[in-house]
Structures are given as structure tokens and as C-alpha cells.
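A.B. asks: Structure incoming, see below.
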Amino acid sequence: ARNIFSSQQSPATITITPNSSTVQDTYTLVGANTTNPTTREVAIRTINGAAQSPATPVKATGHAQHPAAAAQGTLTVFNNASAPQQVNAGTAFNVGGGVKLVSDAPAYIPAGNGFNNGHLSVTGHAVPAGRMGNIGAGVLNVTPCCAGGISVSNGAFTGGQDAANYSFLQQSDVNNAISQSIKDVTKQDALNDLTRQLHPGEQLLGSTRCTTTLQADEPIGDQGTNVNSANVSYLMKCTTTAYDNLGAQNIVKGLLTQKANSSLGPGYVLVNNIQTNLTSQTTAKNTLSLFFTGKGVWAYQFSDAQKLQLAKAIAGKTVAEAQRILKNTPGISNATINVNGGNALPADYNQISIVIQPIAGLNGGGTPPPTGSPTVTGPNIQGGTPGANGKGGSAPPPGGGS
């Protein structure tokens, strides 16, 4: 039996380099909810990720010292005598419990007329200063005092504060609580949270935007209450866009294959793979456009029947005649003839071996554009809300990915 494809040396060996062509083009795909090759649409979606560091305890370094503050209120002095009377500033009215209400200004009280008492209101303060001076209205209720015919009533006295000496959480305490290494780990955890949400075939697209927040479980700044320490955590939230990279590659490969088939004609096949690359992207009027390049190598493929036909066509021909035949054969870029002596090919085509040189193709795959480092803004500062006892409330939990 003849063997025109044998690797063993034959009386004549024809080495053929087939025609090949590199086909390339650029394509614009549009972001959409789903991938649709017909409309050249690629699925895109927004994904959110977050990570929060463990709480770091910090000491509150702020210090405040306030003197006691006296409660303030109003004293109304009545006169039922037939002549005007005066109550001097600094007059003290005892309300019990060691507290006195002292007038701040003199009161010139008109005379009564037998039916209505003369009266005048003046401001006053409680002695001693402090919270014990906060008393309700009417503790003194037309209580006789001072001189004949004079009595006094009080309105509510408020605003008394005891002397205070306490610590509070400063902004610098929160800012310095988190080390750079903790920030770096939290950042990587947030980015990992994004990649964990990628569906098969998806890639991140473009830049990632991140915001940071420092959260303290105690209020920040002087709130008038004692805070000795707080727990501070570092929260990073990131958002980015993912797209159907595999679907986009398949669309580009299909379009490039159509171009190759129409421009090269029959007989050409793809060698290895088509390379696709996302080169850039733009957004206009809420439409995302993705710009891809596609590139591949197509080579003419000789069937066994064609090789047999070639062997028969050049059998018994001179080398020059055989070269002319091969040169005019579609699909042949170059051909070399090796005969064992003489300048003619064997008359028996079974003694002619035809070898097709392989054509180098391209490696496949798609390469997304560099995304670079994420854009990080912040930090925002969140302090806990003081409770009734002055202790801080809990900071809000981080938002998770979607």
C-alpha cells in the first residue's frame, strides 16, 4: 500500500508551506443586563464588598475640669402692705436641704390695695452651686419673709451642675488607633470580598472605589461625661463593576471568525486560538462601551485527498515542472522538492512523500485592562451615641456585598 504521509525518507519529498493570514479587527460591545451576541451586548453588574478590622482598644486622652454651676431661676416678691417696699439684691430665701435662693437684683415692690398684692419678679440663683440647686417651681409659695407684708414664690431653678473632672475621647485618639498594617489587611480583605462574588467567566472592570470609616463605640469630643477608653475599628467599603469576560471573548471570536471565512474563502482553518483584548472603555449617556481587539491566524488546510492529487499531478515531472505546478496550486505559499539524485520525480506517485509545514498560531485568552490601585476616600469618623449613663452606644455594622 502507498504511504504518502510516511515520515521515512522517500525517493522524493515535497515540503509545502501552506498559505496563512493573520486576521484582526476591533469591535465595540455595549454593557447590558445580559449577554447577547446578536446585539453585541455584554452583561455588566455592580458588586459591593466590605471588610472591618477587629476592634482596637484605645485610651481616652482628653481631660476636662469644670467648676460647679449654680441653678438659675425667677423669684416673685409680693407686697400686701399699703406702702411700697424694697427687697435688696442678695436676699436669701431658705428652701431647705441646705439650699437657698438668692435674688440677683433689688426688688422695688408697689403697695397693695387690699384686694391685690403688689408684686415684682427678679432673677435669682441657688446657693450652693451644683445640681442640688435644681428645684421645681412653687417650693416657695407666697411664703412670708423679710419684713411685714412681704412674701415670695419661686419659679423652677435649673442648670445647676456639680464640679466635674473627667476624661473624654479625642479625635486624635481615634485617628491614631489603627496602624497602617491593619488598614492594609482590611483593604485586601475588602478587595477579596469583591473577587469572591465574581461569577464564572466574569472579570473586574475598570477602577474600584473604596471609602473608609473609623468607628468608635464611645462619643468623640467633650460630652460632659467621663470616658476612660473606647474600642475603634476600621471599616472599608468598596464598589466596582464586573463584566462577562468569557461572553465578550466569545462574541469577538465569533465576529472575527465570520470575517476570516468571508475574506479568505474555503479551505482555511484557524490555527490554535484567537486572541482577544479589552483595550479601553467609555461611558456616555449611561451607556458603557467596551472596545475589544481580536486577532488570529488562519492557514490553508490540505486534506489527504488533496495531497494524493498533488502527488499524482507531479509524478514523473521534472523538478522545474513540478515547481510550476505547485506554485500554481491554491493554498501553497512555498514548496521545496527533494529528490534522491537526478532532476525528475518518480513516475510512481507512491514514491512521493508530501509534508505540510506547521503554521504557528496564537495563544488564546483575553486580557482585561489594568485596573490599578483602588481609589480610597476617607476616613469618615463615627462615634458611638452616649446612653443615659454617658456610655457610648454601638457603632453601626458594616454593609455587606451584594
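We name chains A, B, ... following the order of the C-alpha cells; residues begin at 1 in each chain, and ligands are numbered from 1 as shown.
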Given only C-alpha atoms, how would the per-residue table for region 49-156 of chain A near region 168-177 of chain A read, listing every residue at most 9 Å away with its closest atom pair and distance in Å to one decimal, sorted by chain and number, as a Markdown table?
C.D. replies:
| residue | atom | partner | partner_atom | distance |
| --- | --- | --- | --- | --- |
| A:Thr56 | CA | A:Ala177 | CA | 6.7 |
| A:Pro57 | CA | A:Ala177 | CA | 7.7 |
| A:Val58 | CA | A:Ala177 | CA | 6.3 |
| A:Lys59 | CA | A:Asp173 | CA | 7.3 |
| A:Ala60 | CA | A:Leu169 | CA | 4.5 |
| A:Thr61 | CA | A:Leu169 | CA | 6.3 |
| A:Gly62 | CA | A:Phe168 | CA | 4.7 |
| A:His63 | CA | A:Phe168 | CA | 6.1 |
| A:Ala64 | CA | A:Phe168 | CA | 7.6 |
A.B. asks: Give me a file of those residues, with N, CA and C atoms, as a JSON list (two decimals), in the first residue's frame.
C.D. replies:
[["chain", "number", "residue", "atom", "x", "y", "z"],
["A", 56, "THR", "N", -9.91, 47.76, 68.16],
["A", 56, "THR", "CA", -8.65, 48.07, 68.84],
["A", 56, "THR", "C", -8.95, 48.96, 70.04],
["A", 57, "PRO", "N", -8.60, 48.53, 71.27],
["A", 57, "PRO", "CA", -8.86, 49.39, 72.43],
["A", 57, "PRO", "C", -7.89, 50.57, 72.47],
["A", 58, "VAL", "N", -8.42, 51.75, 72.80],
["A", 58, "VAL", "CA", -7.59, 52.95, 72.93],
["A", 58, "VAL", "C", -7.96, 53.67, 74.21],
["A", 59, "LYS", "N", -6.98, 54.33, 74.78],
["A", 59, "LYS", "CA", -7.20, 55.12, 75.99],
["A", 59, "LYS", "C", -7.64, 56.52, 75.60],
["A", 60, "ALA", "N", -8.62, 57.05, 76.32],
["A", 60, "ALA", "CA", -9.08, 58.41, 76.10],
["A", 60, "ALA", "C", -8.11, 59.38, 76.76],
["A", 61, "THR", "N", -7.56, 60.29, 75.98],
["A", 61, "THR", "CA", -6.54, 61.22, 76.49],
["A", 61, "THR", "C", -7.08, 62.62, 76.75],
["A", 62, "GLY", "N", -8.32, 62.88, 76.36],
["A", 62, "GLY", "CA", -8.89, 64.20, 76.63],
["A", 62, "GLY", "C", -9.19, 64.36, 78.11],
["A", 63, "HIS", "N", -9.03, 65.59, 78.64],
["A", 63, "HIS", "CA", -9.30, 65.85, 80.06],
["A", 63, "HIS", "C", -10.04, 67.17, 80.19],
["A", 64, "ALA", "N", -11.07, 67.17, 81.02],
["A", 64, "ALA", "CA", -11.85, 68.38, 81.25],
["A", 64, "ALA", "C", -12.09, 68.56, 82.74]]
A.B. asks: Write out as a ChimeraX atom specification which residues come within 9 Å of Thr213 (chain A) when counting only C-alpha atoms, dropping same-chain ones fewer than 6 positions away.
C.D. replies: /A:233-237,378-382
A.B. asks: Counting only C-alpha atoms, which of A:Ile44, A:Ala81, A:Ala164, A:Ala216 gets nearest to Ala69 (chain A)?
C.D. replies: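 Among the listed residues, A:Ala164 lies closest to Ala69 (chain A).
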A.B. asks: Hey, can you check how far CA of Ala305 (chain A) sits from CA of Ile274 (chain A)?
C.D. replies: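 Separation between CA of Ala305 (chain A) and CA of Ile274 (chain A): 28.1 Å.
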A.B. asks: Just list as JSON, numbers by chain whatever in region 251-381 of chain A DSSP marks as helix (DSSP H, G or I).
C.D. replies: {"A": [251, 252, 253, 254, 255, 256, 257, 258, 259, 260, 261, 262, 263, 264, 304, 305, 306, 307, 308, 309, 310, 311, 312, 313, 314, 319, 320, 321, 322, 323, 324, 325, 326, 327, 349, 350, 351]}
A.B. asks: So that I can see what lies close to region 28-35 of chain A, please list as a PyMOL selection string the residues with an atom at most 9 Å from it, counting only C-alpha atoms and leaving out residues fewer than 6 positions away in the same chain.
C.D. replies: chain A and resi 41-45+243-244+247-248+251-252+287-293
A.B. asks: Keeping only C-alpha atoms, write the selected residues to a file as a compact mmCIF listing (two decimals), in the first residue's frame.
C.D. replies:
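After the write, result25.txt holds the following:
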# COMPACT_ATOMS: atom_id res chain seq x y z
CA GLU A 41 -24.23 43.24 24.35
CA VAL A 42 -22.22 42.08 27.36
CA ALA A 43 -23.61 41.57 30.84
CA ILE A 44 -22.28 44.02 33.45
CA ARG A 45 -23.20 44.45 37.09
CA TYR A 243 -18.48 42.09 33.24
CA ASP A 244 -18.97 38.81 31.40
CA GLY A 247 -19.11 36.02 26.91
CA ALA A 248 -17.34 39.05 25.46
CA ILE A 251 -18.63 37.39 20.77
CA VAL A 252 -15.33 38.79 19.48
CA THR A 287 -24.17 53.52 28.19
CA LEU A 288 -20.94 51.64 28.79
CA SER A 289 -18.95 50.82 25.65
CA LEU A 290 -16.17 48.22 25.70
CA PHE A 291 -13.57 48.24 22.95
CA PHE A 292 -12.01 44.89 22.06
CA THR A 293 -9.39 43.74 19.61
A.B. asks: Select, from A:Ser167, A:Asn343, A:Gln223, A:Gln351, the residue with the minimum atom-to-atom distance to Lys312 (chain A), counting only C-alpha atoms.
C.D. replies: A:Gln351
A.B. asks: Counting only C-alpha atoms, what is within 6 Å of region 146-158 of chain A, bar same-chain residues fewer than 3 positions away, as a list in words?
C.D. replies: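 My reading of the contact set: Ala71, Gln72, Gly73, Thr74, Leu75, Thr76, Val77, Phe78, Asn79, Asn80, Ala81, Asn134, Ile135, Gly136, Ala137, Gly138, Leu140, Asn141, Val142 and Thr143 of chain A.
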A.B. asks: What are the DSSP strand (DSSP E or B) residues of region 147-355 of chain A, as a tab-separated table (two decimals) with C-alpha atoms, in the first residue's frame?
C.D. replies:
chain	number	residue	atom	x	y	z
A	150	ILE	CA	-43.70	90.66	102.10
A	151	SER	CA	-43.85	87.10	100.74
A	152	VAL	CA	-42.07	85.22	97.94
A	153	SER	CA	-42.70	82.45	95.38
A	154	ASN	CA	-40.18	80.74	93.08
A	157	PHE	CA	-34.47	76.72	89.08
A	158	THR	CA	-32.44	74.78	86.54
A	161	GLN	CA	-24.12	71.33	87.65
A	164	ALA	CA	-16.56	67.89	87.10
A	165	ASN	CA	-13.13	66.36	86.49
A	166	TYR	CA	-13.27	63.71	83.76
A	167	SER	CA	-11.67	62.15	80.68
A	168	PHE	CA	-13.10	62.08	77.16
A	169	LEU	CA	-12.22	60.60	73.78
A	202	GLU	CA	-16.51	37.34	34.97
A	203	GLN	CA	-13.73	39.88	35.37
A	204	LEU	CA	-13.50	43.14	37.29
A	205	LEU	CA	-13.81	46.12	35.01
A	206	GLY	CA	-12.07	49.46	35.45
A	207	SER	CA	-11.38	51.13	38.77
A	208	THR	CA	-12.53	50.11	42.22
A	209	ARG	CA	-13.81	52.85	44.52
A	210	CYS	CA	-13.44	52.47	48.27
A	211	THR	CA	-14.48	54.55	51.28
A	212	THR	CA	-13.13	54.14	54.80
A	213	THR	CA	-14.67	54.81	58.18
A	214	LEU	CA	-13.18	54.85	61.65
A	215	GLN	CA	-15.81	53.65	64.11
A	216	ALA	CA	-15.60	54.22	67.86
A	220	ILE	CA	-15.89	61.69	70.31
A	229	SER	CA	-11.37	54.20	76.87
A	230	ALA	CA	-13.02	53.14	73.63
A	231	ASN	CA	-12.88	50.41	71.00
A	232	VAL	CA	-12.04	51.62	67.49
A	233	SER	CA	-12.43	49.63	64.27
A	234	TYR	CA	-11.58	50.36	60.64
A	235	LEU	CA	-14.25	49.77	58.02
A	236	MET	CA	-13.66	49.76	54.26
A	237	LYS	CA	-16.46	49.55	51.72
A	238	CYS	CA	-15.64	49.06	48.04
A	239	THR	CA	-17.68	49.07	44.87
A	240	THR	CA	-16.72	48.10	41.34
A	241	THR	CA	-18.11	46.76	38.08
A	242	ALA	CA	-17.88	43.19	36.81
A	243	TYR	CA	-18.48	42.09	33.24
A	244	ASP	CA	-18.97	38.81	31.40
A	268	TYR	CA	-8.73	27.99	5.63
A	269	VAL	CA	-8.90	26.97	9.26
A	270	LEU	CA	-7.97	28.70	12.49
A	271	VAL	CA	-4.56	27.77	13.88
A	272	ASN	CA	-4.60	27.43	17.65
A	273	ASN	CA	-6.67	30.25	19.16
A	274	ILE	CA	-7.99	33.77	18.74
A	275	GLN	CA	-6.54	36.43	21.00
A	276	THR	CA	-9.00	38.97	22.40
A	277	ASN	CA	-8.09	42.01	24.44
A	278	LEU	CA	-10.15	44.71	26.12
A	279	THR	CA	-8.29	47.90	25.23
A	280	SER	CA	-10.49	50.65	26.67
A	281	GLN	CA	-13.94	51.63	27.83
A	282	THR	CA	-16.12	54.74	27.77
A	283	THR	CA	-19.40	55.77	29.34
A	284	ALA	CA	-21.74	58.19	27.59
A	287	THR	CA	-24.17	53.52	28.19
A	288	LEU	CA	-20.94	51.64	28.79
A	289	SER	CA	-18.95	50.82	25.65
A	290	LEU	CA	-16.17	48.22	25.70
A	291	PHE	CA	-13.57	48.24	22.95
A	292	PHE	CA	-12.01	44.89	22.06
A	293	THR	CA	-9.39	43.74	19.61
A	294	GLY	CA	-9.47	40.28	18.07
A	295	LYS	CA	-6.57	38.57	16.29
A	296	GLY	CA	-5.99	35.12	14.89
A	297	VAL	CA	-4.03	33.15	12.30
A	298	TRP	CA	-5.80	31.13	9.61
A	299	ALA	CA	-3.92	28.65	7.41
A	300	TYR	CA	-4.90	26.65	4.36
A	318	THR	CA	10.94	17.38	-13.78
A	332	ILE	CA	0.55	26.78	-1.31
A	333	SER	CA	2.81	29.59	-0.16
A	334	ASN	CA	6.09	27.79	-0.78
A	335	ALA	CA	7.25	24.31	-1.76
A	336	THR	CA	10.63	22.60	-1.78
A	337	ILE	CA	11.40	19.40	-3.69
A	338	ASN	CA	13.99	16.92	-2.53
A	339	VAL	CA	14.81	14.05	-4.89
A	344	ALA	CA	12.91	14.34	-12.09
A	352	ILE	CA	6.38	10.82	-3.43
A	353	SER	CA	6.00	11.96	0.18
A	354	ILE	CA	4.23	15.25	0.86
A	355	VAL	CA	4.98	17.02	4.15
A.B. asks: Kindly give the distance, in Å, that separates CA of Asn192 (chain A) and CA of Gln52 (chain A), rounded to a single decimal.
C.D. replies: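 That distance, rounded to one decimal, is 12.6 Å.
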